[in-house]
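With compact mmCIF, C-alpha atoms inside, this is start.txt:
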# COMPACT_ATOMS: atom_id res chain seq x y z
CA MET A 1 36.23 -6.06 29.15
CA LYS A 2 33.32 -8.10 27.76
CA ASN A 3 32.47 -7.51 24.10
CA TRP A 4 29.21 -5.56 23.60
CA THR A 5 27.82 -8.36 21.42
CA GLU A 6 28.44 -12.11 21.33
CA VAL A 7 26.75 -12.56 17.94
CA SER A 8 29.03 -11.86 14.96
CA GLU A 9 26.50 -12.84 12.28
CA PHE A 10 22.81 -13.54 11.72
CA ILE A 11 21.03 -16.14 9.60
CA PHE A 12 17.89 -15.34 7.62
CA LEU A 13 15.02 -17.84 7.74
CA GLY A 14 13.57 -16.32 4.54
CA LEU A 15 10.07 -16.42 3.14
CA THR A 16 9.76 -20.21 3.02
CA ASN A 17 11.65 -23.48 3.54
CA ASP A 18 9.86 -25.26 0.70
CA HIS A 19 12.52 -25.86 -2.00
CA ARG A 20 10.02 -25.97 -4.90
CA LEU A 21 8.32 -22.80 -3.73
CA GLN A 22 11.72 -21.14 -3.36
CA GLN A 23 12.42 -21.84 -7.06
CA VAL A 24 9.10 -20.28 -8.06
CA LEU A 25 9.65 -17.26 -5.82
CA PHE A 26 13.18 -16.82 -7.18
CA ILE A 27 11.89 -16.50 -10.74
CA LEU A 28 8.98 -14.27 -9.66
CA PHE A 29 11.07 -11.81 -7.64
CA LEU A 30 13.85 -11.83 -10.21
CA LEU A 31 11.30 -10.67 -12.80
CA PHE A 32 10.05 -7.98 -10.41
CA TYR A 33 13.61 -6.81 -9.79
CA ILE A 34 14.45 -6.71 -13.50
CA ALA A 35 11.21 -4.81 -14.14
CA CYS A 36 12.18 -2.34 -11.40
CA LEU A 37 15.66 -1.76 -12.84
CA LEU A 38 14.53 -1.49 -16.46
CA GLY A 39 11.37 0.53 -15.78
CA ASN A 40 12.89 3.06 -13.40
CA GLY A 41 16.10 3.19 -15.43
CA ALA A 42 14.07 3.95 -18.56
CA ILE A 43 12.21 6.78 -16.80
CA LEU A 44 15.50 8.28 -15.60
CA ALA A 45 17.00 8.04 -19.08
CA VAL A 46 13.94 9.57 -20.76
CA ILE A 47 13.76 12.47 -18.28
CA LEU A 48 17.47 13.23 -18.78
CA ALA A 49 17.30 12.93 -22.57
CA GLU A 50 14.05 14.78 -23.29
CA SER A 51 14.21 18.55 -22.73
CA ARG A 52 10.40 18.76 -22.53
CA LEU A 53 10.55 16.80 -19.30
CA HIS A 54 13.01 19.16 -17.58
CA SER A 55 10.39 20.49 -15.18
CA PRO A 56 9.88 20.20 -11.39
CA MET A 57 7.28 17.43 -11.73
CA TYR A 58 9.64 15.20 -13.72
CA PHE A 59 12.64 16.20 -11.63
CA PHE A 60 10.90 14.69 -8.60
CA LEU A 61 9.74 11.70 -10.66
CA GLY A 62 13.37 11.08 -11.60
CA ASN A 63 14.32 11.23 -7.93
CA LEU A 64 11.55 8.73 -7.14
CA SER A 65 12.84 6.35 -9.82
CA GLY A 66 16.38 6.60 -8.46
CA LEU A 67 15.17 5.89 -4.92
CA ASP A 68 13.12 2.92 -6.14
CA ILE A 69 16.15 1.35 -7.83
CA CYS A 70 18.29 1.73 -4.70
CA TYR A 71 15.46 0.77 -2.32
CA SER A 72 14.79 -2.49 -4.13
CA THR A 73 18.53 -3.24 -4.45
CA VAL A 74 18.98 -3.08 -0.66
CA THR A 75 16.83 -6.19 -0.11
CA VAL A 76 16.02 -8.09 -3.32
CA PRO A 77 19.49 -9.36 -4.39
CA LYS A 78 20.09 -10.74 -0.89
CA MET A 79 16.65 -12.34 -0.92
CA LEU A 80 17.28 -13.90 -4.34
CA SER A 81 20.57 -15.41 -3.21
CA GLY A 82 18.75 -16.82 -0.19
CA PHE A 83 16.43 -18.80 -2.47
CA LEU A 84 19.49 -20.54 -3.98
CA LYS A 85 21.24 -21.36 -0.70
CA LYS A 86 20.29 -23.67 2.14
CA SER A 87 21.51 -21.16 4.70
CA GLN A 88 22.09 -17.47 4.27
CA SER A 89 24.09 -15.42 6.75
CA ILE A 90 25.00 -11.76 7.13
CA SER A 91 27.58 -10.15 9.39
CA PHE A 92 26.48 -7.93 12.24
CA ILE A 93 27.93 -4.84 10.54
CA GLY A 94 26.34 -5.88 7.25
CA CYS A 95 23.00 -6.28 9.01
CA LEU A 96 23.18 -2.78 10.51
CA THR A 97 24.21 -1.37 7.11
CA GLN A 98 21.26 -3.02 5.39
CA LEU A 99 18.89 -1.82 8.12
CA HIS A 100 20.21 1.74 7.78
CA PHE A 101 19.87 1.95 4.00
CA PHE A 102 16.44 0.31 4.03
CA HIS A 103 15.09 2.95 6.42
CA PHE A 104 17.09 5.73 4.77
CA LEU A 105 15.68 5.08 1.29
CA GLY A 106 12.20 4.10 2.49
CA SER A 107 11.66 7.20 4.63
CA SER A 108 13.20 9.41 1.91
CA GLU A 109 10.65 8.05 -0.55
CA ALA A 110 7.82 8.68 1.93
CA VAL A 111 8.89 12.33 2.32
CA LEU A 112 9.43 12.68 -1.45
CA LEU A 113 5.84 11.59 -2.14
CA GLY A 114 4.70 14.43 0.13
CA VAL A 115 6.91 16.87 -1.79
CA MET A 116 5.43 15.64 -5.07
CA ALA A 117 1.94 16.29 -3.69
CA TYR A 118 2.99 19.86 -2.88
CA ASP A 119 4.29 20.23 -6.44
CA ARG A 120 0.88 19.19 -7.81
CA TYR A 121 -0.85 21.62 -5.42
CA VAL A 122 1.24 24.56 -6.63
CA ALA A 123 0.85 23.56 -10.31
CA ILE A 124 -2.96 23.38 -10.10
CA CYS A 125 -3.85 26.02 -7.49
CA HIS A 126 -1.13 28.59 -8.29
CA PRO A 127 -0.24 28.02 -11.97
CA LEU A 128 0.89 31.62 -12.59
CA ARG A 129 3.38 31.45 -9.71
CA TYR A 130 4.44 27.85 -10.35
CA ASN A 131 7.82 28.59 -11.96
CA LEU A 132 8.59 31.14 -9.25
CA ILE A 133 7.66 28.89 -6.31
CA MET A 134 9.08 25.67 -7.77
CA SER A 135 12.32 27.20 -9.00
CA LYS A 136 15.39 25.09 -9.73
CA TRP A 137 16.92 26.07 -6.38
CA ALA A 138 13.69 25.19 -4.54
CA CYS A 139 13.50 21.78 -6.21
CA VAL A 140 17.12 20.93 -5.40
CA THR A 141 16.61 22.11 -1.81
CA LEU A 142 13.47 19.99 -1.38
CA ALA A 143 15.18 16.93 -2.89
CA GLY A 144 18.17 17.40 -0.58
CA ALA A 145 15.88 17.84 2.43
CA THR A 146 14.11 14.54 1.70
CA LEU A 147 17.43 12.68 1.61
CA ALA A 148 18.65 14.42 4.76
CA ALA A 149 15.44 13.58 6.63
CA GLY A 150 15.66 9.94 5.53
CA PHE A 151 19.35 9.66 6.40
CA PHE A 152 19.06 11.02 9.94
CA HIS A 153 15.89 9.01 10.61
CA ALA A 154 17.70 5.82 9.58
CA LEU A 155 20.79 6.81 11.55
CA VAL A 156 18.72 7.03 14.75
CA HIS A 157 17.55 3.42 14.33
CA ALA A 158 20.98 2.12 13.28
CA VAL A 159 22.71 3.70 16.28
CA ALA A 160 19.99 2.57 18.73
CA THR A 161 20.14 -1.01 17.37
CA SER A 162 23.96 -1.11 17.44
CA ARG A 163 23.89 -0.43 21.19
CA LEU A 164 21.82 -3.56 21.91
CA TRP A 165 23.38 -6.75 23.24
CA PHE A 166 22.81 -9.87 21.11
CA CYS A 167 23.76 -13.13 22.80
CA GLY A 168 21.79 -15.60 20.66
CA PRO A 169 19.81 -17.02 19.00
CA LYS A 170 20.88 -15.52 15.69
CA LEU A 171 18.03 -16.65 13.40
CA ILE A 172 16.14 -13.69 11.90
CA ALA A 173 12.56 -14.57 10.92
CA HIS A 174 12.72 -12.43 7.79
CA PHE A 175 14.42 -12.20 4.39
CA PHE A 176 16.58 -9.19 5.35
CA CYS A 177 17.62 -7.23 8.45
CA GLU A 178 14.27 -5.66 9.23
CA ILE A 179 14.27 -3.93 12.58
CA LYS A 180 11.31 -5.62 14.34
CA PRO A 181 12.42 -9.28 13.94
CA LEU A 182 15.96 -8.18 14.76
CA LEU A 183 14.82 -6.60 18.03
CA LYS A 184 13.24 -9.90 19.08
CA LEU A 185 16.74 -11.42 19.21
CA ALA A 186 18.18 -8.80 21.57
CA CYS A 187 19.17 -9.89 25.06
CA SER A 188 18.99 -6.33 26.41
CA SER A 189 16.01 -4.00 26.75
CA THR A 190 14.41 -2.88 23.46
CA THR A 191 11.99 -0.40 25.03
CA LEU A 192 13.79 2.58 23.49
CA ASN A 193 13.84 0.93 20.06
CA PHE A 194 10.10 0.27 20.01
CA TYR A 195 9.56 3.77 21.36
CA LEU A 196 11.53 5.11 18.38
CA LEU A 197 9.46 2.97 15.99
CA LYS A 198 6.20 4.36 17.31
CA PHE A 199 7.12 7.97 17.99
CA VAL A 200 9.84 8.66 15.40
CA THR A 201 9.16 6.37 12.45
CA GLY A 202 5.40 6.89 12.81
CA PRO A 203 5.52 10.69 12.45
CA VAL A 204 8.16 10.46 9.69
CA ALA A 205 5.71 8.36 7.67
CA LEU A 206 2.49 10.05 8.82
CA SER A 207 3.60 13.67 8.36
CA PRO A 208 4.10 13.50 4.57
CA PHE A 209 1.02 11.26 4.31
CA PHE A 210 -1.22 13.83 6.01
CA PHE A 211 0.53 16.59 4.07
CA THR A 212 -0.36 14.70 0.86
CA LEU A 213 -3.99 14.39 1.97
CA LEU A 214 -4.08 18.11 2.82
CA SER A 215 -2.60 19.02 -0.57
CA TYR A 216 -5.23 17.01 -2.39
CA PHE A 217 -7.98 18.47 -0.21
CA TYR A 218 -6.96 21.94 -1.39
CA ILE A 219 -6.61 20.70 -4.99
CA ILE A 220 -10.10 19.18 -5.01
CA SER A 221 -11.59 22.25 -3.32
CA PHE A 222 -9.91 24.52 -5.87
CA LEU A 223 -11.15 22.46 -8.82
CA PHE A 224 -14.75 22.39 -7.58
CA PHE A 225 -15.01 26.05 -6.54
CA LYS A 226 -12.67 27.80 -9.00
CA VAL A 227 -12.85 25.69 -12.17
CA GLN A 228 -16.24 25.65 -13.87
CA SER A 229 -15.70 23.13 -16.66
CA TRP A 230 -15.82 19.42 -15.78
CA ARG A 231 -13.44 18.77 -18.66
CA ASN A 232 -10.86 21.19 -17.25
CA ARG A 233 -11.36 19.73 -13.78
CA TRP A 234 -10.65 16.22 -15.01
CA LYS A 235 -7.72 17.35 -17.14
CA ALA A 236 -6.10 19.03 -14.12
CA PHE A 237 -6.82 16.19 -11.72
CA SER A 238 -5.63 13.53 -14.20
CA THR A 239 -2.07 14.82 -13.69
CA CYS A 240 -2.40 13.65 -10.06
CA ALA A 241 -3.81 10.18 -10.76
CA SER A 242 -0.43 8.44 -11.09
CA HIS A 243 0.90 10.06 -7.92
CA LEU A 244 -2.21 9.11 -5.96
CA SER A 245 -1.87 5.48 -7.10
CA VAL A 246 1.77 5.35 -5.99
CA VAL A 247 0.90 6.97 -2.65
CA ALA A 248 -1.79 4.34 -2.00
CA ILE A 249 0.35 1.28 -2.77
CA PHE A 250 3.33 2.63 -0.80
CA TYR A 251 1.79 4.25 2.28
CA ILE A 252 -0.97 1.77 3.14
CA PRO A 253 1.28 -1.30 3.74
CA ALA A 254 4.14 0.79 5.19
CA LEU A 255 1.92 2.53 7.74
CA SER A 256 0.22 -0.72 8.75
CA ASN A 257 3.65 -2.25 9.36
CA TYR A 258 5.18 0.49 11.50
CA MET A 259 2.29 2.30 13.16
CA LEU A 260 1.28 -0.97 14.83
CA ALA A 261 4.81 -1.93 15.82
CA SER A 262 5.05 -4.30 18.74
CA ASP A 263 7.09 -7.28 19.76
CA SER A 264 4.10 -9.60 19.29
CA ASP A 265 3.50 -8.86 15.61
CA SER A 266 3.31 -11.81 13.24
CA SER A 267 6.60 -12.31 11.39
CA GLU A 268 4.79 -13.87 8.44
CA LYS A 269 2.40 -10.90 8.17
CA ASP A 270 5.31 -8.46 8.45
CA MET A 271 7.20 -10.21 5.66
CA ILE A 272 4.23 -10.18 3.29
CA ILE A 273 3.60 -6.48 3.94
CA THR A 274 7.29 -5.65 3.55
CA VAL A 275 7.43 -7.50 0.22
CA LEU A 276 4.61 -5.27 -1.05
CA TYR A 277 6.29 -1.92 -0.52
CA SER A 278 9.96 -2.94 -0.84
CA THR A 279 9.79 -5.21 -3.89
CA ILE A 280 6.49 -4.98 -5.76
CA THR A 281 5.80 -1.24 -5.45
CA PRO A 282 9.17 -0.12 -6.95
CA ALA A 283 8.49 -2.38 -9.95
CA LEU A 284 4.93 -1.07 -10.41
CA ASN A 285 5.75 2.65 -10.13
CA PRO A 286 7.24 3.01 -13.65
CA LEU A 287 4.27 1.13 -15.12
CA ILE A 288 1.81 3.43 -13.34
CA TYR A 289 3.54 6.59 -14.50
CA THR A 290 4.08 5.51 -18.11
CA LEU A 291 0.55 4.18 -18.62
CA ARG A 292 -1.15 7.29 -17.23
CA ASN A 293 1.28 9.98 -18.39
CA GLN A 294 0.98 11.11 -22.00
CA GLU A 295 4.17 13.19 -21.94
CA VAL A 296 6.30 10.28 -20.76
CA LYS A 297 4.78 7.95 -23.37
CA PHE A 298 5.36 10.56 -26.09
CA ALA A 299 8.99 11.03 -25.01
CA ILE A 300 9.60 7.24 -25.01
CA ARG A 301 8.09 6.89 -28.51
CA LYS A 302 10.19 9.83 -29.73
CA ILE A 303 13.42 8.29 -28.44
CA LEU A 304 12.53 4.86 -29.87
CA LYS A 305 11.74 6.32 -33.31
CA LYS A 306 15.04 8.23 -33.22
CA ASN A 307 17.06 5.12 -32.35
CA LEU A 308 15.32 2.49 -34.49
CA PRO A 309 16.69 3.77 -37.87
CA LEU A 310 20.20 3.71 -36.40
CA GLU A 311 19.79 0.08 -35.37
CA ARG A 312 18.53 -0.92 -38.84
CA THR A 313 21.50 0.68 -40.56
Translate the structure of the given file into structure tokens.
Amino acid sequence: MKNWTEVSEFIFLGLTNDHRLQQVLFILFLLFYIACLLGNGAILAVILAESRLHSPMYFFLGNLSGLDICYSTVTVPKMLSGFLKKSQSISFIGCLTQLHFFHFLGSSEAVLLGVMAYDRYVAICHPLRYNLIMSKWACVTLAGATLAAGFFHALVHAVATSRLWFCGPKLIAHFFCEIKPLLKLACSSTTLNFYLLKFVTGPVALSPFFFTLLSYFYIISFLFFKVQSWRNRWKAFSTCASHLSVVAIFYIPALSNYMLASDSDSSEKDMIITVLYSTITPALNPLIYTLRNQEVKFAIRKILKKNLPLERT
């Protein structure tokens, strides 16, 4: 019986073949990756250590930081090693695993951003019922649902891709096993796979995006019609500013990459867009939340002041 695939490994072409540019990009993306690990790790540590931050809003922020660390780790270390090697390969099973976790963590983050928008809606529009609606059980359930949705969405793509026949070539025009450049190498029909990209991945990304827009529509309406003071309006809406910034820098490139999925898309354009939301955004998220969030900054200063005397002694 003929084996279902004749390709046992793939080779990444990477972002560039220019050796000097590769050295520059290695340093640049290494700094982004370190910033992602340190920034998101610091937010997780502060949320766990500071009792004032044990609330639904910071519970979801901690989940976002954890997803960002894992999301970036799926692609960046492999990309960094590619800058140091002339040729970088990955096994077929390793490629499917990377594809699965990339979509699992990415779609989980997309759904989580929608959940965080709902949290802001309840906090601003229903403050008296906030603790009842966003109970500990509700928060854990919502967090689990985001991971479950991301896992099964990724599983659909991983299973559909594993059933394709790859007979060569084995050069992937990307820096990791992204699904669209991988589909271009298939020797069998990819109609179902592109159908899944448009009609499964699209709604998975669009649903929480539109839910986020709807939540902020109700928030803005509530602030304008129910809150009389401009100062109170701004104070309430300022708690949403960080979340809105993260939504913009994550959703815009991700939606442009997958909602327009086709086999004729530019590989170079896809790689640039993917770098934005898979590498740069996870590194910027902690900066956005710490710069615009007074409670997080206060908690960080409190922990630093508590630890500095110990270091001096």
Report as JSON lines the residues of range 190-250 of chain A within 10 Å of range 84-107 of chain A, each with its shortest atom pair and distance in Å (one decimal), using only C-alpha atoms, ordered by chain and increasing residue number.
{"residue": "A:Thr201", "atom": "CA", "partner": "A:Ser107", "partner_atom": "CA", "distance": 8.3}
{"residue": "A:Val204", "atom": "CA", "partner": "A:Ser107", "partner_atom": "CA", "distance": 7.0}
{"residue": "A:Ala205", "atom": "CA", "partner": "A:Ser107", "partner_atom": "CA", "distance": 6.8}
{"residue": "A:Pro208", "atom": "CA", "partner": "A:Ser107", "partner_atom": "CA", "distance": 9.8}
{"residue": "A:Phe250", "atom": "CA", "partner": "A:Gly106", "partner_atom": "CA", "distance": 9.6}
Writer output for current selection, C-alpha atoms, as a compact mmCIF listing (two decimals), in the coordinates of the input:
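Just written: part.txt:
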# COMPACT_ATOMS: atom_id res chain seq x y z
CA THR A 201 9.16 6.37 12.45
CA VAL A 204 8.16 10.46 9.69
CA ALA A 205 5.71 8.36 7.67
CA PRO A 208 4.10 13.50 4.57
CA PHE A 250 3.33 2.63 -0.80
What lies within 12 Å of Ser245 in chain A using only C-alpha atoms, ignoring chain neighbours under 2 positions off, as an mmCIF file with C-alpha atoms, in the coordinates of the input?
data_model
loop_
_atom_site.group_PDB
_atom_site.id
_atom_site.type_symbol
_atom_site.label_atom_id
_atom_site.label_comp_id
_atom_site.auth_asym_id
_atom_site.auth_seq_id
_atom_site.Cartn_x
_atom_site.Cartn_y
_atom_site.Cartn_z
ATOM 1 C CA LEU A 113 5.840 11.590 -2.140
ATOM 2 C CA ALA A 117 1.940 16.290 -3.690
ATOM 3 C CA SER A 238 -5.630 13.530 -14.200
ATOM 4 C CA THR A 239 -2.070 14.820 -13.690
ATOM 5 C CA CYS A 240 -2.400 13.650 -10.060
ATOM 6 C CA ALA A 241 -3.810 10.180 -10.760
ATOM 7 C CA SER A 242 -0.430 8.440 -11.090
ATOM 8 C CA HIS A 243 0.900 10.060 -7.920
ATOM 9 C CA VAL A 247 0.900 6.970 -2.650
ATOM 10 C CA ALA A 248 -1.790 4.340 -2.000
ATOM 11 C CA ILE A 249 0.350 1.280 -2.770
ATOM 12 C CA PHE A 250 3.330 2.630 -0.800
ATOM 13 C CA TYR A 251 1.790 4.250 2.280
ATOM 14 C CA ILE A 252 -0.970 1.770 3.140
ATOM 15 C CA THR A 281 5.800 -1.240 -5.450
ATOM 16 C CA LEU A 284 4.930 -1.070 -10.410
ATOM 17 C CA ASN A 285 5.750 2.650 -10.130
ATOM 18 C CA PRO A 286 7.240 3.010 -13.650
ATOM 19 C CA LEU A 287 4.270 1.130 -15.120
ATOM 20 C CA ILE A 288 1.810 3.430 -13.340
ATOM 21 C CA TYR A 289 3.540 6.590 -14.500
ATOM 22 C CA LEU A 291 0.550 4.180 -18.620
ATOM 23 C CA ARG A 292 -1.150 7.290 -17.230
#
Skipping near chain neighbours, those fewer than 2 positions away, what residues fall within 10 Å of Ser278 in chain A using all atoms listed in the file, listed as a PDB file with C-alpha atoms, keeping the file's coordinate frame?
ATOM      1  CA  ASP A  68      13.120   2.920  -6.140  1.00  0.00           C
ATOM      2  CA  TYR A  71      15.460   0.770  -2.320  1.00  0.00           C
ATOM      3  CA  SER A  72      14.790  -2.490  -4.130  1.00  0.00           C
ATOM      4  CA  THR A  73      18.530  -3.240  -4.450  1.00  0.00           C
ATOM      5  CA  VAL A  74      18.980  -3.080  -0.660  1.00  0.00           C
ATOM      6  CA  THR A  75      16.830  -6.190  -0.110  1.00  0.00           C
ATOM      7  CA  VAL A  76      16.020  -8.090  -3.320  1.00  0.00           C
ATOM      8  CA  PHE A 102      16.440   0.310   4.030  1.00  0.00           C
ATOM      9  CA  GLY A 106      12.200   4.100   2.490  1.00  0.00           C
ATOM     10  CA  PHE A 250       3.330   2.630  -0.800  1.00  0.00           C
ATOM     11  CA  PRO A 253       1.280  -1.300   3.740  1.00  0.00           C
ATOM     12  CA  ALA A 254       4.140   0.790   5.190  1.00  0.00           C
ATOM     13  CA  ILE A 273       3.600  -6.480   3.940  1.00  0.00           C
ATOM     14  CA  THR A 274       7.290  -5.650   3.550  1.00  0.00           C
ATOM     15  CA  VAL A 275       7.430  -7.500   0.220  1.00  0.00           C
ATOM     16  CA  LEU A 276       4.610  -5.270  -1.050  1.00  0.00           C
ATOM     17  CA  ILE A 280       6.490  -4.980  -5.760  1.00  0.00           C
ATOM     18  CA  THR A 281       5.800  -1.240  -5.450  1.00  0.00           C
ATOM     19  CA  PRO A 282       9.170  -0.120  -6.950  1.00  0.00           C
ATOM     20  CA  ALA A 283       8.490  -2.380  -9.950  1.00  0.00           C
TER      21      ALA A 283
END
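Close contacts of Leu80 in chain A, defined as residues with an atom at most 10 Å away when counting all atoms listed in the file, with chain neighbours fewer than 4 positions off set aside, comprise Gly14, Gln22, Gln23, Leu25, Phe26, Ile27, Leu28, Phe29, Leu30, Tyr33, Thr75, Val76, Leu84, Lys85 and Phe175 of chain A.
The coordinates place CA of Asn17 in chain A at 15.2 Å from CA of Phe176 in chain A.
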Practice task
Go ahead and compute the interatomic distance for CA of Ile34 in chain A and CA of Gly62 in chain A, in Å to one decimal.
Solution key: 17.9 Å
Might you pull out every residue within 12 Å of Leu192 in chain A, with all atoms listed in the file counted and same-chain residues fewer than 2 positions away left off, and present them as a compact mmCIF listing (two decimals) with C-alpha atoms, in the frame of the given file?
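Result saved to selection_32.txt:
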# COMPACT_ATOMS: atom_id res chain seq x y z
CA VAL A 156 18.72 7.03 14.75
CA HIS A 157 17.55 3.42 14.33
CA VAL A 159 22.71 3.70 16.28
CA ALA A 160 19.99 2.57 18.73
CA THR A 161 20.14 -1.01 17.37
CA ARG A 163 23.89 -0.43 21.19
CA LEU A 164 21.82 -3.56 21.91
CA LEU A 183 14.82 -6.60 18.03
CA SER A 188 18.99 -6.33 26.41
CA SER A 189 16.01 -4.00 26.75
CA THR A 190 14.41 -2.88 23.46
CA PHE A 194 10.10 0.27 20.01
CA TYR A 195 9.56 3.77 21.36
CA LEU A 196 11.53 5.11 18.38
CA LEU A 197 9.46 2.97 15.99
CA LYS A 198 6.20 4.36 17.31
CA PHE A 199 7.12 7.97 17.99
CA VAL A 200 9.84 8.66 15.40
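For the pair CA of Cys36 in chain A and CA of Ala138 in chain A, the separation is 28.4 Å.
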4 Å per side around range 282-299 of chain A: axis-aligned box centre and edge lengths, as AutoDock Vina command-line options:
--center_x 4.0 --center_y 5.4 --center_z -16.5 --size_x 18.3 --size_y 23.6 --size_z 27.1
Problem - Nearest-residue call for Val46 in chain A, choices A:Leu255, A:Val296, A:Val7, A:Met79, using only C-alpha atoms - result: A:Val296
Practice task
Check the smallest atom-to-atom distance from each of A:Met57, A:Leu31, A:Ile11, A:Leu213 to Pro169 in chain A using all atoms listed in the file, then report the winner.
Solution key: A:Ile11
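In this comparison, which uses all atoms listed in the file, the residue of A:Ala49, A:Ala35, A:Ile124, A:Ala186 approaching Leu171 in chain A most closely is A:Ala186.
Nearest to Tyr130 in chain A of all the residues A:Gly82, A:Gly41, A:Pro56, A:Pro203 is A:Pro56, based on only C-alpha atoms.
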Problem - Pick from A:Ala110, A:Leu67, A:Cys139, A:Cys125, whichever lies nearest to Gly202 in chain A using all atoms listed in the file - result: A:Ala110
